[in-house]
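**Q** Could you have a look at this structure, given as structure tokens, before my questions?
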Amino acid sequence: MSADPGSEHLLFEGDAADACLALPADLTFDLVYLDPPFAVGSTMSTRDQKGQARGRKQPKSGRDAYHDSSDVEQLIAHLEPRLARIRERMSDRATLYLHMDYRAVHDAKVAADRVFGRRSFVGEVVWTPGNGGRGARGFTVTHHTLLVYARKDRKCIVYQCDHPLLREPYAATSLKMHFTKTDRDGRRYRERKIRSKRYRYYADEGRRLGSVWTDIPAMVANTPLRKEATGYPTQKPERLLERIIRAASHEGDTVADLMCGSGTTLVVAAQLGRRFVGSDQSPVAIETTRKRLDQAGLPYRLVPPSR
Ligand SMILES: C[S@@+](CC[C@H](N)C(=O)[O-])C[C@H]1O[C@@H](n2cnc3c(N)ncnc32)[C@H](O)[C@@H]1O
């Protein structure tokens with residue numbers, strides 16, 4: 001554990017690279033979630049009032065939140081040195097979840113391999129936000145990809161899988177074929193012998209979650225009908241962050257999101273008993289995050305820039 005459970009939460013307004021310089025020298029991250037721009041080719045705008053359009057800037061949009069107009073090469077040139085700065089701040093058992101979509105994920109993988117080393121690539125998660133129309137030219141891409149990297153050794157990362165949010169139901173055929181026994185409490189189970197040790201699996205506990213996540217709709221973060229929606233473009237659902245934070249950190253750990261947007265990671269981390277470190281270079285993002293933290297009753301300290 002790198003942080004005292006009582007450590008204060010920290011927020012920095014500015015570039016992620018500058019945040020890394022300005023943070024206390026002994027502070028390390030146990031988990032990093034990073035959701036950069038995707039190279040969509042547009043300015044991204046907020047919805048501050050009824051009738052405004054959130055997302056790609058249009059005549060009816062709210063304020064400009066951030067620019068996502070770079071091409072893929074420019075985006076990667078921006079991202080790679082920041083990944084390197086962030087990696088220097090990560091503890092030995094920390095992981096980084098880099099959230100991308102199809103536009104730049106393949107270039108980002110090559111860049112992240114350069115920064116972390118290919119052997120530190122833990123794997124990837126495919127998340128289906130479940131929104132968006134369907135185009136006429138080819139299959140519409142309906143997923144995002146989260147690349148997962150270990151700071152150091154893949155074998156010593158934090159990975160937990162017992163919480164119900166980190167489980168999924170067994171396949172119907174498996175339940176029918178294998179879960180044929182019932183214990184005294186009426187729970188269905190199967191037993192397996194692996195290297196002379198006997199293991200019991202209960203049907204109602206489900207199995208460890210795989211890497212394709214289809215059960216967390218983005219809509220909850222994006223419709224004004226839901227409490228968690230802030231109107232910030234590309235806001236991610238709290239449940240997505242809850243799953244990542246529960247899987248890859250312990251209570252009292254430090255969770256960082258240095259492109260925090262509306263502050264989703266920060267709110268969820270604090271509510272799960274982790275300490276957060278956040279930053280964003282967009283004043284609108286910081287304003288949104290501060291409002292959200294205040295509404296949730298979560299105190300934090302604003303970190304001044306280093307001189
Ligand atoms: C996709 S949004 C993040 C959304 C966020 N995950 C949420 O749930 O609200 C990307 C964010 O990265 C920020 N950003 C881009 N480059 C940055 C940089 N170098 N340093 C800090 N923030 C940056 C943008 O201002 C924007 O808020």
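By convention here, the chains of the structure tokens are called A, B, ... in the order presented, each chain's residues are numbered starting at 1, and ligands are numbered starting at 1 in the order presented.
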Contacts of Glu80 (chain A) at 8 Å or less, counting only C-alpha atoms, minus same-chain residues fewer than 4 places along, as number ranges by chain?
**A** A: 76, 84, 111-112, 115
**Q** Could you dump the residues just selected with N, CA and C atoms as a compact mmCIF listing (two decimals), in the first residue's frame?
**A**
# COMPACT_ATOMS: atom_id res chain seq x y z
N ILE A 76 -0.56 10.42 -30.61
CA ILE A 76 0.42 9.49 -30.01
C ILE A 76 1.67 10.26 -29.58
N ALA A 84 5.16 7.97 -20.21
CA ALA A 84 6.48 7.74 -19.59
C ALA A 84 6.57 8.43 -18.23
N ALA A 111 3.03 2.40 -28.91
CA ALA A 111 3.68 3.43 -28.09
C ALA A 111 3.81 2.96 -26.64
N ALA A 112 2.74 2.36 -26.12
CA ALA A 112 2.78 1.90 -24.72
C ALA A 112 3.77 0.74 -24.56
N VAL A 115 7.04 2.32 -24.01
CA VAL A 115 7.21 2.93 -22.68
C VAL A 115 7.31 1.86 -21.59
**Q** Near Ser120 (chain A), counting only C-alpha atoms, which residues have an atom at most 10 Å away, once you skip same-chain residues fewer than 3 positions from it, shown as a PyMOL selection string?
**A** chain A and resi 95+112-113+115-117+123+148-155
**Q** Just N, CA and C atoms for this one: save the residues we selected as a PDB file, in the first residue's frame.
**A**
ATOM      1  N   THR A  95      -0.933  -1.140 -12.033  1.00  0.00           N
ATOM      2  CA  THR A  95      -1.310  -1.332 -13.443  1.00  0.00           C
ATOM      3  C   THR A  95      -1.853  -0.017 -13.999  1.00  0.00           C
ATOM      4  N   ALA A 112       2.744   2.359 -26.121  1.00  0.00           N
ATOM      5  CA  ALA A 112       2.778   1.895 -24.720  1.00  0.00           C
ATOM      6  C   ALA A 112       3.766   0.743 -24.559  1.00  0.00           C
ATOM      7  N   ASP A 113       3.904  -0.089 -25.582  1.00  0.00           N
ATOM      8  CA  ASP A 113       4.936  -1.150 -25.543  1.00  0.00           C
ATOM      9  C   ASP A 113       6.322  -0.533 -25.410  1.00  0.00           C
ATOM     10  N   VAL A 115       7.045   2.315 -24.010  1.00  0.00           N
ATOM     11  CA  VAL A 115       7.210   2.925 -22.681  1.00  0.00           C
ATOM     12  C   VAL A 115       7.314   1.856 -21.591  1.00  0.00           C
ATOM     13  N   PHE A 116       6.431   0.871 -21.631  1.00  0.00           N
ATOM     14  CA  PHE A 116       6.346  -0.107 -20.534  1.00  0.00           C
ATOM     15  C   PHE A 116       7.156  -1.374 -20.812  1.00  0.00           C
ATOM     16  N   GLY A 117       7.419  -1.646 -22.078  1.00  0.00           N
ATOM     17  CA  GLY A 117       8.034  -2.912 -22.466  1.00  0.00           C
ATOM     18  C   GLY A 117       6.931  -3.892 -22.825  1.00  0.00           C
ATOM     19  N   GLY A 123      -2.825  -7.391 -20.946  1.00  0.00           N
ATOM     20  CA  GLY A 123      -3.937  -7.840 -21.791  1.00  0.00           C
ATOM     21  C   GLY A 123      -4.823  -6.667 -22.132  1.00  0.00           C
ATOM     22  N   VAL A 148      -4.041  -2.850 -20.925  1.00  0.00           N
ATOM     23  CA  VAL A 148      -3.634  -2.956 -19.513  1.00  0.00           C
ATOM     24  C   VAL A 148      -2.144  -3.265 -19.435  1.00  0.00           C
ATOM     25  N   TYR A 149      -1.411  -2.411 -18.707  1.00  0.00           N
ATOM     26  CA  TYR A 149       0.037  -2.580 -18.553  1.00  0.00           C
ATOM     27  C   TYR A 149       0.435  -2.648 -17.090  1.00  0.00           C
ATOM     28  N   ALA A 150       1.391  -3.501 -16.793  1.00  0.00           N
ATOM     29  CA  ALA A 150       1.987  -3.548 -15.455  1.00  0.00           C
ATOM     30  C   ALA A 150       3.159  -2.580 -15.419  1.00  0.00           C
ATOM     31  N   ARG A 151       3.344  -1.937 -14.281  1.00  0.00           N
ATOM     32  CA  ARG A 151       4.525  -1.067 -14.143  1.00  0.00           C
ATOM     33  C   ARG A 151       5.792  -1.894 -14.297  1.00  0.00           C
ATOM     34  N   LYS A 152       5.739  -3.082 -13.693  1.00  0.00           N
ATOM     35  CA  LYS A 152       6.962  -3.863 -13.658  1.00  0.00           C
ATOM     36  C   LYS A 152       6.683  -5.277 -14.161  1.00  0.00           C
ATOM     37  N   ASP A 153       6.345  -6.135 -13.199  1.00  0.00           N
ATOM     38  CA  ASP A 153       6.202  -7.539 -13.522  1.00  0.00           C
ATOM     39  C   ASP A 153       4.720  -7.903 -13.548  1.00  0.00           C
ATOM     40  N   ARG A 154       4.287  -8.488 -14.639  1.00  0.00           N
ATOM     41  CA  ARG A 154       2.876  -8.889 -14.758  1.00  0.00           C
ATOM     42  C   ARG A 154       2.443  -9.790 -13.614  1.00  0.00           C
ATOM     43  N   LYS A 155       3.430 -10.548 -13.057  1.00  0.00           N
ATOM     44  CA  LYS A 155       3.067 -11.547 -12.028  1.00  0.00           C
ATOM     45  C   LYS A 155       2.781 -10.920 -10.674  1.00  0.00           C
TER      46      LYS A 155
END
**Q** Show me, as a tab-separated table, the residues of region 210-259 of chain A having an atom within 6 Å of region 264-278 of chain A, each with the closest atom pair and its distance in Å, using only C-alpha atoms.
**A**
residue	atom	partner	partner_atom	distance
A:Leu241	CA	A:Thr265	CA	5.9
A:Glu251	CA	A:Gly273	CA	5.2
A:Gly252	CA	A:Arg274	CA	4.7
A:Asp253	CA	A:Arg274	CA	5.2
A:Thr254	CA	A:Arg275	CA	4.7
A:Val255	CA	A:Phe276	CA	4.9
A:Ala256	CA	A:Val277	CA	4.6
A:Asp257	CA	A:Gly278	CA	5.0
A:Leu258	CA	A:Gly278	CA	5.0
**Q** For those residues, write N, CA and C atoms to a file as a PDB file, in the first residue's frame.
**A**
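What ended up in selection13.pdb:
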ATOM      1  N   LEU A 241     -15.715   2.242 -13.898  1.00  0.00           N
ATOM      2  CA  LEU A 241     -14.569   2.562 -13.043  1.00  0.00           C
ATOM      3  C   LEU A 241     -14.601   1.739 -11.769  1.00  0.00           C
ATOM      4  N   GLU A 251      -8.209  -1.140  -0.790  1.00  0.00           N
ATOM      5  CA  GLU A 251      -8.581   0.050   0.002  1.00  0.00           C
ATOM      6  C   GLU A 251      -7.308   0.712   0.507  1.00  0.00           C
ATOM      7  N   GLY A 252      -7.290   2.045   0.498  1.00  0.00           N
ATOM      8  CA  GLY A 252      -6.111   2.779   0.966  1.00  0.00           C
ATOM      9  C   GLY A 252      -5.090   3.032  -0.135  1.00  0.00           C
ATOM     10  N   ASP A 253      -5.224   2.359  -1.258  1.00  0.00           N
ATOM     11  CA  ASP A 253      -4.306   2.591  -2.380  1.00  0.00           C
ATOM     12  C   ASP A 253      -4.540   3.955  -3.019  1.00  0.00           C
ATOM     13  N   THR A 254      -3.584   4.364  -3.832  1.00  0.00           N
ATOM     14  CA  THR A 254      -3.716   5.631  -4.567  1.00  0.00           C
ATOM     15  C   THR A 254      -4.086   5.344  -6.021  1.00  0.00           C
ATOM     16  N   VAL A 255      -5.203   5.925  -6.443  1.00  0.00           N
ATOM     17  CA  VAL A 255      -5.702   5.736  -7.814  1.00  0.00           C
ATOM     18  C   VAL A 255      -5.566   7.068  -8.543  1.00  0.00           C
ATOM     19  N   ALA A 256      -4.915   7.051  -9.698  1.00  0.00           N
ATOM     20  CA  ALA A 256      -4.685   8.294 -10.443  1.00  0.00           C
ATOM     21  C   ALA A 256      -5.431   8.287 -11.766  1.00  0.00           C
ATOM     22  N   ASP A 257      -5.955   9.463 -12.106  1.00  0.00           N
ATOM     23  CA  ASP A 257      -6.509   9.696 -13.445  1.00  0.00           C
ATOM     24  C   ASP A 257      -6.081  11.103 -13.819  1.00  0.00           C
ATOM     25  N   LEU A 258      -5.074  11.204 -14.676  1.00  0.00           N
ATOM     26  CA  LEU A 258      -4.483  12.513 -14.961  1.00  0.00           C
ATOM     27  C   LEU A 258      -5.082  13.170 -16.206  1.00  0.00           C
TER      28      LEU A 258
END
**Q** Using only C-alpha atoms and all ligand atoms, which residues have at least one atom no more than 9 Å from ligand 1? Output them as a VMD selection string.
**A** chain A and resid 13 to 19 33 to 38 44 65 to 68 75 78 to 79 82 99 to 100 221 230 232 to 238 241 257 to 265 279 to 286 288 to 289
**Q** Calculate how many Å separate CA of Gly186 (chain A) from CA of Arg246 (chain A), rounding to one decimal.
**A**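 Separation of CA of Gly186 (chain A) and CA of Arg246 (chain A): 29.5 Å.
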**Q** Run DSSP on the backbone and grab whatever in region 135-256 of chain A lands in strand (DSSP E or B); send it over as a PyMOL selection string.
**A** chain A and resi 144-150+167-168+181-182+188-194+197-202+207-208+212-213+254-256
**Q** For each of A:Pro224, A:Thr214, A:His250, A:Arg167, take the minimum atom-to-atom distance to Tyr202 (chain A), counting only C-alpha atoms, then give the residue where this is smallest.
**A** A:Arg167
**Q** For Ala25 (chain A), list every protein, DNA or RNA residue within 12 Å, evaluated using only C-alpha atoms, and leave out those in the same chain fewer than 3 positions away; present the list as an MDAnalysis selection string.
**A** chainID A and resid 19:22 28:29 88:89 306
**Q** Please produce an output containing N, CA and C atoms for each residue in the selection, written as an mmCIF file, in the first residue's frame.
**A**
data_model
loop_
_atom_site.group_PDB
_atom_site.id
_atom_site.type_symbol
_atom_site.label_atom_id
_atom_site.label_comp_id
_atom_site.auth_asym_id
_atom_site.auth_seq_id
_atom_site.Cartn_x
_atom_site.Cartn_y
_atom_site.Cartn_z
ATOM 1 N N ALA A 19 1.454 17.712 -13.899
ATOM 2 C CA ALA A 19 0.937 17.149 -12.646
ATOM 3 C C ALA A 19 1.978 16.218 -12.036
ATOM 4 N N CYS A 20 2.587 15.385 -12.878
ATOM 5 C CA CYS A 20 3.594 14.443 -12.372
ATOM 6 C C CYS A 20 4.759 15.193 -11.711
ATOM 7 N N LEU A 21 5.096 16.365 -12.243
ATOM 8 C CA LEU A 21 6.194 17.150 -11.662
ATOM 9 C C LEU A 21 5.770 17.834 -10.363
ATOM 10 N N ALA A 22 4.493 18.243 -10.311
ATOM 11 C CA ALA A 22 4.037 19.061 -9.178
ATOM 12 C C ALA A 22 3.635 18.238 -7.958
ATOM 13 N N THR A 28 3.273 7.774 -5.021
ATOM 14 C CA THR A 28 3.233 6.842 -6.161
ATOM 15 C C THR A 28 1.793 6.399 -6.406
ATOM 16 N N PHE A 29 1.550 5.967 -7.636
ATOM 17 C CA PHE A 29 0.211 5.518 -8.030
ATOM 18 C C PHE A 29 0.154 3.983 -7.978
ATOM 19 N N GLU A 88 6.803 6.495 -14.369
ATOM 20 C CA GLU A 88 7.814 6.763 -13.330
ATOM 21 C C GLU A 88 7.180 6.903 -11.949
ATOM 22 N N ARG A 89 5.920 7.271 -11.922
ATOM 23 C CA ARG A 89 5.205 7.505 -10.660
ATOM 24 C C ARG A 89 4.484 6.255 -10.159
ATOM 25 N N SER A 306 4.412 23.270 -10.100
ATOM 26 C CA SER A 306 5.789 23.362 -9.574
ATOM 27 C C SER A 306 6.455 24.561 -10.235
#
**Q** As a list of chain:residue names, please: the residues near Lys50 (chain A) (cut-off 12 Å, only C-alpha atoms, same-chain neighbours under 3 positions excluded).
**A**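 Close residues of Lys50 (chain A): A:Thr46, A:Arg47, A:Ala53, A:Arg54, A:Lys60, A:Ser61, A:Gly62, A:Thr223, A:Pro224, A:Leu225, A:Gly231.
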**Q** I want to know what sits within 10 Å of Glu191 (chain A), based on only C-alpha atoms, with residues of the same chain fewer than 2 positions away left out; could you give that as an MDAnalysis selection string?
**A** chainID A and resid 178:181 189 193:194 198:202
**Q** Create the file for the chosen residues now, containing C-alpha atoms and written as a compact mmCIF listing (two decimals), in the first residue's frame.
**A**
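Output file part_29.txt follows:
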# COMPACT_ATOMS: atom_id res chain seq x y z
CA HIS A 178 -21.17 -29.70 -14.90
CA PHE A 179 -23.14 -28.24 -12.00
CA THR A 180 -24.99 -31.40 -11.19
CA LYS A 181 -24.45 -31.59 -7.40
CA TYR A 189 -21.92 -26.79 -7.47
CA LYS A 193 -9.47 -31.98 -9.11
CA ILE A 194 -6.49 -29.99 -10.31
CA ARG A 198 -10.02 -30.58 -5.03
CA TYR A 199 -11.81 -27.29 -5.84
CA ARG A 200 -15.51 -26.54 -5.46
CA TYR A 201 -17.30 -23.99 -7.66
CA TYR A 202 -20.78 -22.72 -6.88
**Q** Would you list, as a ChimeraX atom specification, the residues of region 173-262 of chain A that end up in alpha helix (DSSP H) under DSSP run on this structure's backbone?
**A** /A:173-178,219-222,238-248
**Q** What lies within 12 Å of Leu165 (chain A) using only C-alpha atoms, ignoring chain neighbours under 3 positions off, as a PyMOL selection string?
**A** chain A and resi 160-162+168-169+205-210+213+215-216+239-247
**Q** Convert the current residue selection to file output with C-alpha atoms, as a CSV table (one decimal), in the first residue's frame.
**A**
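Generated output (out_3.csv):
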chain,number,residue,atom,x,y,z
A,160,GLN,CA,-9.0,-9.4,-7.4
A,161,CYS,CA,-12.0,-11.3,-8.7
A,162,ASP,CA,-14.3,-12.2,-5.8
A,168,GLU,CA,-20.2,-13.4,-14.7
A,169,PRO,CA,-22.7,-16.2,-14.9
A,205,GLU,CA,-21.1,-17.3,-7.5
A,206,GLY,CA,-20.5,-17.2,-11.3
A,207,ARG,CA,-17.1,-17.4,-12.9
A,208,ARG,CA,-14.3,-14.8,-13.1
A,209,LEU,CA,-15.1,-12.1,-15.5
A,210,GLY,CA,-13.5,-12.4,-19.0
A,213,TRP,CA,-17.6,-6.4,-21.0
A,215,ASP,CA,-23.0,-5.3,-19.2
A,216,ILE,CA,-22.2,-1.6,-18.5
A,239,ARG,CA,-19.8,1.3,-12.8
A,240,LEU,CA,-17.0,0.8,-15.4
A,241,LEU,CA,-14.6,2.6,-13.0
A,242,GLU,CA,-15.9,0.7,-10.1
A,243,ARG,CA,-15.1,-2.6,-11.8
A,244,ILE,CA,-11.6,-1.5,-12.7
A,245,ILE,CA,-10.8,-0.1,-9.2
A,246,ARG,CA,-12.2,-3.1,-7.4
A,247,ALA,CA,-10.2,-5.5,-9.6
